[in-house]
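Contents: one structure, followed by commentary.
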Amino acid sequence: MQTLSREVRAMGYRKLSARPKHHAQAEGAIAAFKKNFPATLAGIAADQGRDLDAIEVWFQDEARVGQKNGITRRWARRGSRPSAPQDQRYASTYIFGAVCPQEGKGAALVLPLCNTAGMNLHLREISDMVSPGRHAVLLFDQAGWHLSGEVTVPSNMTLLPLPAKCPELNVMENVWQFRRDNWVSNRVFLSYDHNVAHCSRAWNQFIDQPLRNMAIRLRGWAHRF
């Protein structure tokens with residue numbers, strides 16, 4: 001097995017984490033969105049009477065964190081079988097997270113439910129993080145609570161839904177994976193409050209590393225054109 005691994009690596013292959021891809025994704029949807037994004041962003045800037053330099057591109061998503069948590073890889077001596085605690089209870093909380101990759105900043109709320117009311121609270125939180133005199137373009141998936149007629153959009157923000165079933169375009173998917181691998185998995189949450197406290201601490205630890213989270217989140221199609 002080690003010989004095979006060396007041969008495969010010599011051919012330029014590595015064992016990499018796969019990005020999620022929806023089985024019903026429309027062919028060409030991602031390529032078309034990327035191609036049209038510069039023009040879309042320029043149109044939003046013109047509508048707001050601003051230069052492109054005054055536009056902040058944000059990405060938003062939610063993640064559930066439950067007591068029945070995941071188990072991920074961990075460092076251990078070769079040949080051993082490491083164990084990790086795993087709860088069997090089902091109490092959950094939800095992280096509403098958003099990041100502005102180019103600025104290395106983010107905004108999050110930990111809430112008991114994932115719904116339109118939570119989305120409105122999160123939009124206000126993001127709005128407060130937008131730099132004075134600038135306008136945010138917020139990209140997110142097409143979940144029902146994102147597109148509800150009851151969503152209240154702050155004046156310094158424009159909402160831009162991503163194509164349906166295209167999670168690869170949302171950099172928050174990478175943020176959630178990094179968070180699971182480093183801070184959330186392999187743990188037992190004693191209570192709902194313990195869950196909330198840990199989720200808040202994990203998010204703050206991530207945001208306190210701007211260079212790392214910029215490396216995880218920057219996308220050429222969204223920031224280099």
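Residues in the structure tokens are numbered from 1 in each chain, the chains being A, B, ... in the order shown, and ligands are numbered from 1 in the order shown.
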
Legend entry - Contacts of stretch 142-154 of chain A within 12 Å, only C-alpha atoms, excl. fewer than 6 positions in-chain, as a PyMOL selection string: chain A and resi 60-62+96+113-130+135-136+160-167+170

Inset, instruction - Rounded to one decimal place, report the atom CA of A:Phe37-atom CA of A:Leu52 distance in Å. - result: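 Result for atom CA of A:Phe37 versus atom CA of A:Leu52: 12.4 Å, one decimal.
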
Legend entry - helix (DSSP H, G or I) per DSSP on the backbone: members of stretch 130-213 of chain A, as a PyMOL selection string: chain A and resi 144-147+167-169+172-184+192-207+210-213

Legend entry - Those in stretch 72-190 of chain A with strand (DSSP E or B) from DSSP, as a ChimeraX atom specification: /A:92-100,105-111,135-140,157-161

Legend entry - Selection near A:Gln48, 12 Å with only C-alpha atoms, sequence-local residues under 4 positions removed, as a list of chain:residue names: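 So the residues in contact are A:Leu41, A:Ala42, A:Gly43, A:Ile44, A:Leu52, A:Ala54, A:Ile55, A:Gly133, A:Arg134, A:His135, A:Ala136, A:Val137, A:Ser155, A:Asn156, A:Met157, A:Thr158.
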
Write the residues you've just listed into a file as a PDB file, in the first residue's frame, and include C-alpha atoms for each of them.
```
ATOM      1  CA  LEU A  41     -21.497  43.260  -9.830  1.00  0.00           C
ATOM      2  CA  ALA A  42     -20.860  46.269 -12.075  1.00  0.00           C
ATOM      3  CA  GLY A  43     -24.611  46.626 -12.616  1.00  0.00           C
ATOM      4  CA  ILE A  44     -25.272  46.614  -8.870  1.00  0.00           C
ATOM      5  CA  LEU A  52     -16.704  48.820  -7.894  1.00  0.00           C
ATOM      6  CA  ALA A  54     -16.920  50.562  -2.898  1.00  0.00           C
ATOM      7  CA  ILE A  55     -18.582  47.126  -3.188  1.00  0.00           C
ATOM      8  CA  GLY A 133     -19.675  54.396   2.757  1.00  0.00           C
ATOM      9  CA  ARG A 134     -19.573  50.956   1.144  1.00  0.00           C
ATOM     10  CA  HIS A 135     -22.272  48.622  -0.161  1.00  0.00           C
ATOM     11  CA  ALA A 136     -22.451  44.846   0.389  1.00  0.00           C
ATOM     12  CA  VAL A 137     -23.467  42.264  -2.206  1.00  0.00           C
ATOM     13  CA  SER A 155     -30.211  49.761   2.805  1.00  0.00           C
ATOM     14  CA  ASN A 156     -26.455  49.109   2.476  1.00  0.00           C
ATOM     15  CA  MET A 157     -26.942  45.618   1.039  1.00  0.00           C
ATOM     16  CA  THR A 158     -28.062  43.862  -2.150  1.00  0.00           C
TER      17      THR A 158
END
```

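Between atom CA of A:Trp176 and atom CA of A:Phe59 the separation is 12.3 Å.
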
Surrounding residues of A:Arg64 excluding itself and chain neighbours under 5 positions, 12 Å, only C-alpha atoms, as an mmCIF file with C-alpha atoms, in the first residue's frame:
```cif
data_model
loop_
_atom_site.group_PDB
_atom_site.id
_atom_site.type_symbol
_atom_site.label_atom_id
_atom_site.label_comp_id
_atom_site.auth_asym_id
_atom_site.auth_seq_id
_atom_site.Cartn_x
_atom_site.Cartn_y
_atom_site.Cartn_z
ATOM 1 C CA ASN A 69 -21.844 15.346 16.493
ATOM 2 C CA GLY A 70 -19.442 14.103 13.837
ATOM 3 C CA TYR A 90 -30.230 15.433 19.372
ATOM 4 C CA ALA A 91 -30.392 19.001 20.748
ATOM 5 C CA SER A 92 -29.156 21.390 18.066
ATOM 6 C CA THR A 93 -28.210 24.966 17.439
ATOM 7 C CA TYR A 94 -27.622 26.834 14.182
ATOM 8 C CA ILE A 95 -24.775 29.120 13.174
ATOM 9 C CA PHE A 96 -25.749 31.866 10.740
ATOM 10 C CA GLY A 97 -22.369 32.802 9.267
ATOM 11 C CA VAL A 110 -25.833 31.375 16.987
ATOM 12 C CA LEU A 111 -29.589 30.812 17.074
ATOM 13 C CA PRO A 112 -32.009 28.053 18.147
ATOM 14 C CA LEU A 113 -33.928 27.967 14.836
ATOM 15 C CA CYS A 114 -33.135 28.330 11.150
ATOM 16 C CA TRP A 176 -17.914 25.000 7.779
ATOM 17 C CA ARG A 179 -14.632 24.571 11.540
ATOM 18 C CA ARG A 180 -15.742 20.924 11.770
ATOM 19 C CA VAL A 184 -16.539 21.243 16.490
ATOM 20 C CA ASN A 195 -23.244 24.101 22.473
ATOM 21 C CA VAL A 196 -23.917 27.814 21.939
ATOM 22 C CA CYS A 199 -19.944 27.521 18.583
#
```

Inset, instruction - Find, counting only C-alpha atoms, the residue in A:Thr3, A:Val175, A:Asp51, A:Ala39 that gets nearest to A:Leu218. - result: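 Counting only C-alpha atoms, the residue closest to A:Leu218 is A:Val175.
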
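Distance-wise, atom CA of A:Gly220 and atom CA of A:Ala45 end up 19.0 Å apart.
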